[in-house]
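Student: Data: protein06.cif, mmCIF, C-alpha atoms.
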data_protein
#
loop_
_atom_site.group_PDB
_atom_site.id
_atom_site.type_symbol
_atom_site.label_atom_id
_atom_site.label_comp_id
_atom_site.auth_asym_id
_atom_site.auth_seq_id
_atom_site.Cartn_x
_atom_site.Cartn_y
_atom_site.Cartn_z
ATOM 1 C CA MET B 13 99.850 125.800 83.036
ATOM 2 C CA ARG B 14 103.046 127.159 81.604
ATOM 3 C CA GLU B 15 104.303 126.200 78.190
ATOM 4 C CA LEU B 16 101.670 123.610 77.357
ATOM 5 C CA GLY B 17 103.301 121.093 75.037
ATOM 6 C CA GLY B 18 106.876 122.001 75.931
ATOM 7 C CA LEU B 19 109.628 120.058 77.657
ATOM 8 C CA PRO B 20 108.103 120.379 81.144
ATOM 9 C CA VAL B 21 104.863 118.772 79.975
ATOM 10 C CA ALA B 22 106.790 116.002 78.224
ATOM 11 C CA ALA B 23 108.892 115.428 81.351
ATOM 12 C CA THR B 24 105.753 115.258 83.471
ATOM 13 C CA ALA B 25 103.982 112.815 81.168
ATOM 14 C CA LEU B 26 107.006 110.572 80.729
ATOM 15 C CA THR B 27 107.822 110.485 84.433
ATOM 16 C CA ALA B 28 104.179 109.699 85.195
ATOM 17 C CA THR B 29 104.195 106.879 82.640
ATOM 18 C CA VAL B 30 107.221 105.188 84.213
ATOM 19 C CA ALA B 31 105.765 105.761 87.702
ATOM 20 C CA VAL B 32 102.462 104.115 86.797
ATOM 21 C CA TYR B 33 104.266 101.252 85.075
ATOM 22 C CA ILE B 34 106.467 100.395 88.069
ATOM 23 C CA LEU B 35 103.489 100.833 90.414
ATOM 24 C CA LEU B 36 101.578 98.257 88.349
ATOM 25 C CA VAL B 37 104.605 95.943 88.466
ATOM 26 C CA VAL B 38 104.601 96.169 92.264
ATOM 27 C CA PHE B 39 100.842 95.588 92.374
ATOM 28 C CA GLY B 40 101.189 92.517 90.160
ATOM 29 C CA ASN B 41 104.078 91.107 92.174
ATOM 30 C CA VAL B 42 102.185 91.542 95.438
ATOM 31 C CA THR B 43 98.773 90.303 94.263
ATOM 32 C CA ASP B 44 100.176 87.464 92.130
ATOM 33 C CA PHE B 45 103.212 86.719 94.271
ATOM 34 C CA ASP B 46 103.817 83.154 93.104
ATOM 35 C CA THR B 47 104.147 83.790 89.369
ATOM 36 C CA ASN B 48 107.210 86.021 89.474
ATOM 37 C CA ARG B 49 108.585 84.265 92.556
ATOM 38 C CA ASP B 50 108.789 81.141 90.401
ATOM 39 C CA PHE B 51 110.543 83.185 87.724
ATOM 40 C CA VAL B 52 113.131 84.458 90.218
ATOM 41 C CA ARG B 53 113.597 80.958 91.653
ATOM 42 C CA HIS B 54 114.312 79.460 88.219
ATOM 43 C CA VAL B 55 116.703 82.247 87.227
ATOM 44 C CA LEU B 56 118.658 81.993 90.482
ATOM 45 C CA ALA B 57 118.682 78.179 90.402
ATOM 46 C CA MET B 58 119.887 78.268 86.782
ATOM 47 C CA ASP B 59 117.882 75.072 86.258
ATOM 48 C CA THR B 60 116.967 75.817 82.640
ATOM 49 C CA THR B 61 120.396 77.011 81.470
ATOM 50 C CA PHE B 62 122.951 74.932 79.580
ATOM 51 C CA LYS B 63 124.190 73.650 82.980
ATOM 52 C CA ASP B 64 127.815 74.205 82.134
ATOM 53 C CA ASP B 65 130.037 73.164 85.049
ATOM 54 C CA GLY B 66 131.952 76.411 84.751
ATOM 55 C CA LEU B 67 128.783 78.386 85.532
ATOM 56 C CA MET B 68 126.631 76.217 87.779
ATOM 57 C CA TRP B 69 128.592 77.104 90.905
ATOM 58 C CA ARG B 70 126.821 80.468 90.690
ATOM 59 C CA ALA B 71 123.377 78.914 91.158
ATOM 60 C CA VAL B 72 121.394 79.788 94.268
ATOM 61 C CA THR B 73 119.196 76.809 95.090
ATOM 62 C CA SER B 74 118.141 77.727 98.626
ATOM 63 C CA ARG B 75 114.423 78.559 98.578
ATOM 64 C CA PRO B 76 114.706 80.989 101.512
ATOM 65 C CA LEU B 77 117.515 82.888 99.732
ATOM 66 C CA GLN B 78 115.572 82.912 96.467
ATOM 67 C CA ASP B 79 112.466 84.210 98.236
ATOM 68 C CA ALA B 80 114.497 86.835 100.095
ATOM 69 C CA ALA B 81 115.890 88.032 96.764
ATOM 70 C CA TYR B 82 112.365 88.280 95.354
ATOM 71 C CA VAL B 83 111.099 90.255 98.354
ATOM 72 C CA LEU B 84 114.076 92.622 98.016
ATOM 73 C CA ILE B 85 113.235 93.116 94.336
ATOM 74 C CA ILE B 86 109.634 94.005 95.229
ATOM 75 C CA ALA B 87 110.818 96.383 97.966
ATOM 76 C CA TRP B 88 113.157 98.122 95.489
ATOM 77 C CA GLU B 89 110.330 98.351 92.950
ATOM 78 C CA ALA B 90 108.017 99.854 95.593
ATOM 79 C CA ALA B 91 110.625 102.412 96.641
ATOM 80 C CA THR B 92 111.202 103.287 92.982
ATOM 81 C CA ALA B 93 107.451 103.713 92.432
ATOM 82 C CA ALA B 94 107.193 105.988 95.475
ATOM 83 C CA VAL B 95 110.043 108.223 94.285
ATOM 84 C CA LEU B 96 108.659 108.420 90.738
ATOM 85 C CA LEU B 97 105.153 109.216 91.992
ATOM 86 C CA MET B 98 106.647 111.998 94.131
ATOM 87 C CA ALA B 99 108.551 113.234 91.089
ATOM 88 C CA THR B 100 105.348 113.255 89.040
ATOM 89 C CA ALA B 101 103.597 115.313 91.723
ATOM 90 C CA ARG B 102 106.529 117.737 91.740
ATOM 91 C CA TRP B 103 106.418 118.054 87.952
ATOM 92 C CA VAL B 104 102.683 118.817 88.094
ATOM 93 C CA ARG B 105 103.273 121.441 90.785
ATOM 94 C CA ALA B 106 106.140 122.933 88.771
ATOM 95 C CA LEU B 107 103.923 123.200 85.679
ATOM 96 C CA ARG B 108 101.708 125.561 87.648
ATOM 97 C CA HIS B 109 104.236 127.412 89.754
ATOM 98 C CA GLY B 110 107.660 126.934 88.167
ATOM 99 C CA GLY B 111 110.636 125.496 89.975
ATOM 100 C CA TYR B 112 111.459 122.508 87.791
ATOM 101 C CA GLU B 113 114.814 121.695 89.384
ATOM 102 C CA ARG B 114 113.317 119.892 92.386
ATOM 103 C CA ALA B 115 111.113 117.791 90.105
ATOM 104 C CA ARG B 116 114.081 117.047 87.851
ATOM 105 C CA ARG B 117 116.236 115.897 90.791
ATOM 106 C CA THR B 118 113.493 113.654 92.169
ATOM 107 C CA ALA B 119 112.741 112.180 88.744
ATOM 108 C CA THR B 120 116.452 111.568 88.189
ATOM 109 C CA LEU B 121 116.682 109.640 91.461
ATOM 110 C CA GLY B 122 113.635 107.516 90.605
ATOM 111 C CA LEU B 123 114.813 106.843 87.073
ATOM 112 C CA VAL B 124 118.295 105.859 88.247
ATOM 113 C CA MET B 125 116.670 103.464 90.730
ATOM 114 C CA PHE B 126 114.634 102.052 87.823
ATOM 115 C CA LEU B 127 117.765 101.755 85.662
ATOM 116 C CA LEU B 128 119.625 99.960 88.455
ATOM 117 C CA LEU B 129 116.770 97.484 88.860
ATOM 118 C CA PHE B 130 116.526 96.585 85.197
ATOM 119 C CA GLY B 131 120.113 97.232 84.099
ATOM 120 C CA LEU B 132 122.168 96.003 87.017
ATOM 121 C CA GLY B 133 119.614 93.652 88.535
ATOM 122 C CA PHE B 134 117.985 91.957 85.583
ATOM 123 C CA ILE B 135 120.327 92.489 82.625
ATOM 124 C CA ALA B 136 123.733 92.236 84.336
ATOM 125 C CA ILE B 137 123.103 90.002 87.343
ATOM 126 C CA GLY B 138 120.141 87.959 86.104
ATOM 127 C CA GLY B 139 121.118 87.900 82.451
ATOM 128 C CA GLU B 140 124.860 87.430 82.706
ATOM 129 C CA TRP B 141 125.777 86.226 86.193
ATOM 130 C CA PHE B 142 122.897 83.736 86.393
ATOM 131 C CA ALA B 143 122.957 83.117 82.610
ATOM 132 C CA MET B 144 119.282 83.918 82.132
ATOM 133 C CA TRP B 145 120.051 84.452 78.440
ATOM 134 C CA GLN B 146 120.526 80.679 78.128
ATOM 135 C CA SER B 147 116.976 79.856 79.223
ATOM 136 C CA ALA B 148 114.267 79.472 76.611
ATOM 137 C CA ARG B 149 111.520 79.623 79.253
ATOM 138 C CA TRP B 150 112.762 81.865 82.092
ATOM 139 C CA ASN B 151 114.369 84.677 80.107
ATOM 140 C CA GLY B 152 113.287 88.202 80.955
ATOM 141 C CA LEU B 153 116.038 90.017 79.112
ATOM 142 C CA ALA B 154 113.840 91.467 76.361
ATOM 143 C CA ALA B 155 111.474 93.054 78.898
ATOM 144 C CA ALA B 156 114.380 94.277 81.039
ATOM 145 C CA GLU B 157 116.111 95.826 78.030
ATOM 146 C CA ARG B 158 112.887 97.523 76.928
ATOM 147 C CA ASN B 159 112.343 98.963 80.410
ATOM 148 C CA PHE B 160 115.973 100.074 80.622
ATOM 149 C CA MET B 161 115.732 101.885 77.270
ATOM 150 C CA VAL B 162 112.462 103.638 78.134
ATOM 151 C CA ALA B 163 113.811 104.908 81.461
ATOM 152 C CA GLY B 164 117.032 106.015 79.787
ATOM 153 C CA LEU B 165 115.051 107.967 77.197
ATOM 154 C CA VAL B 166 112.991 109.667 79.906
ATOM 155 C CA LEU B 167 116.175 110.563 81.790
ATOM 156 C CA VAL B 168 117.585 112.189 78.647
ATOM 157 C CA VAL B 169 114.369 114.154 78.041
ATOM 158 C CA ILE B 170 114.243 115.577 81.552
ATOM 159 C CA HIS B 171 117.831 116.795 81.169
ATOM 160 C CA LEU B 172 117.485 118.331 77.712
ATOM 161 C CA PRO B 173 118.437 121.965 77.514
ATOM 162 C CA GLY B 174 115.576 124.178 76.498
ATOM 163 C CA ARG B 175 112.789 126.320 77.852
ATOM 164 C CA TRP B 176 112.337 125.381 81.483
ATOM 165 C CA SER B 177 110.837 128.716 82.516
ATOM 166 C CA ALA B 178 112.733 130.494 85.316
ATOM 167 C CA ASP B 179 115.058 127.546 85.950
ATOM 168 C CA ARG B 180 116.663 127.555 82.516
ATOM 169 C CA LEU B 181 119.525 125.118 82.261
#
Take the structure I supplied and represent it as structure tokens, if you would.

Tutor:
Amino acid sequence: MRELGGLPVAATALTATVAVYILLVVFGNVTDFDTNRDFVRHVLAMDTTFKDDGLMWRAVTSRPLQDAAYVLIIAWEAATAAVLLMATARWVRALRHGGYERARRTATLGLVMFLLLFGLGFIAIGGEWFAMWQSARWNGLAAAERNFMVAGLVLVVIHLPGRWSADRL
């Protein structure tokens, strides 16, 4: 392994951590489908918000539409997990043989997918459009913000200038 303890090892470990995390999220959503489906249903229905007339027109109360949204979330999570697992494999290969750019590009794609899920999907759309921040019970903003920050940090690390062997930035 080249440069044990350097940026490539950190990039590999951090990418792997996010990959395993999102893979476990997918596993949980598939094996315990009802728990988070209920969460999505309540957020979309806006049934535990302040019920302000100026906002309630945004509510989605159709169960089939709510369930379709949940399935799309799981599909996006699964695609994100697949890309990040591929990125992790590419980082591991690059640690042995060099060629970090391909791993960096794949990790960037997976991390941007992750950021879109938690930033656009949960913070912006769930938190603001569906006023999830108003709910005492069905509020996932803290978890979404934590996930968004972790992925953002990993994205910064994999793009730091430094010793990246033959593919110096």

Student: Can you translate the PyMOL selection byres ((chain B and resi 48-56) around 8) into the concrete residues it hits in this file, as a list in words?

Tutor: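 Given this file, the PyMOL selection byres ((chain B and resi 48-56) around 8) evaluates to Asn41, Asp44, Phe45, Asp46, Thr47, Ala57, Met58, Asp59, Thr60, Ala71, Val72, Thr73, Arg75, Gln78, Asp79, Ala81, Tyr82, Gly138, Phe142, Ala143, Met144, Trp150 and Asn151 of chain B.
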
Student: So, counting only C-alpha atoms, which residue among B:Arg114, B:Thr100, B:Gly133, B:Thr43 is closest to Ala22 (chain B)?

Tutor: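 Once distances to Ala22 (chain B) are computed over only C-alpha atoms, the minimum belongs to B:Thr100.
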
Student: Of the candidates B:Trp176, B:Trp88, B:Trp145, B:Phe134, which shows the shortest atom-to-atom distance to Ile34 (chain B), using all atoms listed in the file?

Tutor: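 Checking each of B:Trp176, B:Trp88, B:Trp145, B:Phe134 against Ile34 (chain B), counting all atoms listed in the file, the winner is B:Trp88.
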
Student: Near region 165-174 of chain B, within 8 Å and counting all atoms listed in the file, which residues show up once chain neighbours fewer than 4 positions away are dropped, as number ranges by chain?

Tutor: B: 19-20, 22-23, 26-27, 116, 119-120, 123, 161, 180-181

Student: Restricted to C-alpha atoms, what would the selected residues look like written as a PDB file, keeping the file's coordinate frame?

Tutor:
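Result file out-v8.pdb:
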ATOM      1  CA  LEU B  19     109.628 120.058  77.657  1.00  0.00           C
ATOM      2  CA  PRO B  20     108.103 120.379  81.144  1.00  0.00           C
ATOM      3  CA  ALA B  22     106.790 116.002  78.224  1.00  0.00           C
ATOM      4  CA  ALA B  23     108.892 115.428  81.351  1.00  0.00           C
ATOM      5  CA  LEU B  26     107.006 110.572  80.729  1.00  0.00           C
ATOM      6  CA  THR B  27     107.822 110.485  84.433  1.00  0.00           C
ATOM      7  CA  ARG B 116     114.081 117.047  87.851  1.00  0.00           C
ATOM      8  CA  ALA B 119     112.741 112.180  88.744  1.00  0.00           C
ATOM      9  CA  THR B 120     116.452 111.568  88.189  1.00  0.00           C
ATOM     10  CA  LEU B 123     114.813 106.843  87.073  1.00  0.00           C
ATOM     11  CA  MET B 161     115.732 101.885  77.270  1.00  0.00           C
ATOM     12  CA  ARG B 180     116.663 127.555  82.516  1.00  0.00           C
ATOM     13  CA  LEU B 181     119.525 125.118  82.261  1.00  0.00           C
TER      14      LEU B 181
END

Student: Would you compute the distance between CA of Ala90 (chain B) and CA of Val42 (chain B)? Give it in Å to one decimal.

Tutor: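 Calculated distance between CA of Ala90 (chain B) and CA of Val42 (chain B) is 10.2 Å.
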
Student: Please report, as JSON, the centre and edge lengths in Å to one decimal of an axis-aligned box covering all listed atoms of region 28-45 of chain B with 5 Å per side.

Tutor:
{"center_x": 103.0, "center_y": 98.2, "center_z": 89.0, "size_x": 18.4, "size_y": 33.0, "size_z": 22.8}

Student: Between CA of Leu132 (chain B) and CA of Ala154 (chain B), what is the spacing in Å?

Tutor: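 Going from CA of Ala154 (chain B) over to CA of Leu132 (chain B) covers 14.3 Å.
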
Student: Which one of B:Ile135, B:Ala106, B:Ile86, B:Ala148 sits closest to Leu36 (chain B) if you count all atoms listed in the file?

Tutor: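 For Leu36 (chain B), the nearest of the candidates is B:Ile86.
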
Student: List the spatial neighbours of Gly122 (chain B) as number ranges by chain - criterion: any atom at most 7 Å away, only C-alpha atoms, same-chain residues fewer than 3 positions off excluded.

Tutor: B: 92, 95-96, 118-119, 125-126

Student: Nearest residue to Val30 (chain B) out of B:Ala87, B:Leu67, B:Ala163, B:Leu127, using only C-alpha atoms?

Tutor: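 The closest residue to Val30 (chain B) is B:Ala163.
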
Student: Any idea what the distance is between CA of Ala25 (chain B) and CA of Leu97 (chain B)?

Tutor: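 Interatomic distance, CA of Ala25 (chain B) to CA of Leu97 (chain B): 11.5 Å.
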
Student: Skip Gly131 (chain B) itself and residues of its chain fewer than 6 positions away, then list as a PyMOL selection string all residues within 8 Å of it, counting only C-alpha atoms.

Tutor: chain B and resi 156-157+160

Student: Of the candidates B:Ala136, B:Val104, B:Ala28, B:Ala99, which one gets nearest to Arg117 (chain B) if we count only C-alpha atoms?

Tutor: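 The closest residue to Arg117 (chain B) is B:Ala99.
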
Student: Using all atoms listed in the file for the distances, tell me which of B:Arg175, B:Val83, B:Ile137, B:Ala115 is nearest to Val38 (chain B).

Tutor: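 Answer, going by the shortest atom-to-atom distance: B:Val83.
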
Student: May I ask you to restore N, CA, C and O atoms in region 139-150 of chain B and write the result as a PDB file, in the coordinates of the input?

Tutor:
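Writing done, so here's selection_12.pdb:
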ATOM      1  N   GLY B 139     120.801  88.314  83.817  1.00  0.00           N
ATOM      2  CA  GLY B 139     121.118  87.900  82.451  1.00  0.00           C
ATOM      3  C   GLY B 139     122.484  87.295  82.285  1.00  0.00           C
ATOM      4  O   GLY B 139     122.637  86.256  81.638  1.00  0.00           O
ATOM      5  N   GLU B 140     123.489  87.919  82.888  1.00  0.00           N
ATOM      6  CA  GLU B 140     124.860  87.430  82.706  1.00  0.00           C
ATOM      7  C   GLU B 140     125.335  86.539  83.846  1.00  0.00           C
ATOM      8  O   GLU B 140     125.791  85.430  83.610  1.00  0.00           O
ATOM      9  N   TRP B 141     125.250  87.026  85.081  1.00  0.00           N
ATOM     10  CA  TRP B 141     125.777  86.226  86.193  1.00  0.00           C
ATOM     11  C   TRP B 141     125.023  84.906  86.332  1.00  0.00           C
ATOM     12  O   TRP B 141     125.623  83.848  86.485  1.00  0.00           O
ATOM     13  N   PHE B 142     123.696  84.954  86.266  1.00  0.00           N
ATOM     14  CA  PHE B 142     122.897  83.736  86.393  1.00  0.00           C
ATOM     15  C   PHE B 142     122.501  83.152  85.034  1.00  0.00           C
ATOM     16  O   PHE B 142     121.682  82.251  84.958  1.00  0.00           O
ATOM     17  N   ALA B 143     123.111  83.651  83.973  1.00  0.00           N
ATOM     18  CA  ALA B 143     122.957  83.117  82.610  1.00  0.00           C
ATOM     19  C   ALA B 143     121.502  82.984  82.172  1.00  0.00           C
ATOM     20  O   ALA B 143     121.136  82.039  81.476  1.00  0.00           O
ATOM     21  N   MET B 144     120.689  83.948  82.530  1.00  0.00           N
ATOM     22  CA  MET B 144     119.282  83.918  82.132  1.00  0.00           C
ATOM     23  C   MET B 144     119.149  83.877  80.613  1.00  0.00           C
ATOM     24  O   MET B 144     118.201  83.300  80.089  1.00  0.00           O
ATOM     25  N   TRP B 145     120.105  84.432  79.906  1.00  0.00           N
ATOM     26  CA  TRP B 145     120.051  84.452  78.440  1.00  0.00           C
ATOM     27  C   TRP B 145     120.035  83.038  77.863  1.00  0.00           C
ATOM     28  O   TRP B 145     119.587  82.836  76.733  1.00  0.00           O
ATOM     29  N   GLN B 146     120.490  82.054  78.617  1.00  0.00           N
ATOM     30  CA  GLN B 146     120.526  80.679  78.128  1.00  0.00           C
ATOM     31  C   GLN B 146     119.175  79.976  78.235  1.00  0.00           C
ATOM     32  O   GLN B 146     118.993  78.907  77.641  1.00  0.00           O
ATOM     33  N   SER B 147     118.255  80.526  78.982  1.00  0.00           N
ATOM     34  CA  SER B 147     116.976  79.856  79.223  1.00  0.00           C
ATOM     35  C   SER B 147     115.942  80.231  78.168  1.00  0.00           C
ATOM     36  O   SER B 147     115.674  81.405  77.934  1.00  0.00           O
ATOM     37  N   ALA B 148     115.331  79.225  77.579  1.00  0.00           N
ATOM     38  CA  ALA B 148     114.267  79.472  76.611  1.00  0.00           C
ATOM     39  C   ALA B 148     112.974  79.876  77.327  1.00  0.00           C
ATOM     40  O   ALA B 148     112.165  80.619  76.782  1.00  0.00           O
ATOM     41  N   ARG B 149     112.779  79.383  78.549  1.00  0.00           N
ATOM     42  CA  ARG B 149     111.520  79.623  79.253  1.00  0.00           C
ATOM     43  C   ARG B 149     111.588  80.773  80.248  1.00  0.00           C
ATOM     44  O   ARG B 149     110.643  81.541  80.380  1.00  0.00           O
ATOM     45  N   TRP B 150     112.656  80.885  81.010  1.00  0.00           N
ATOM     46  CA  TRP B 150     112.762  81.865  82.092  1.00  0.00           C
ATOM     47  C   TRP B 150     113.768  82.961  81.710  1.00  0.00           C
ATOM     48  O   TRP B 150     114.752  83.166  82.376  1.00  0.00           O
TER      49      TRP B 150
END
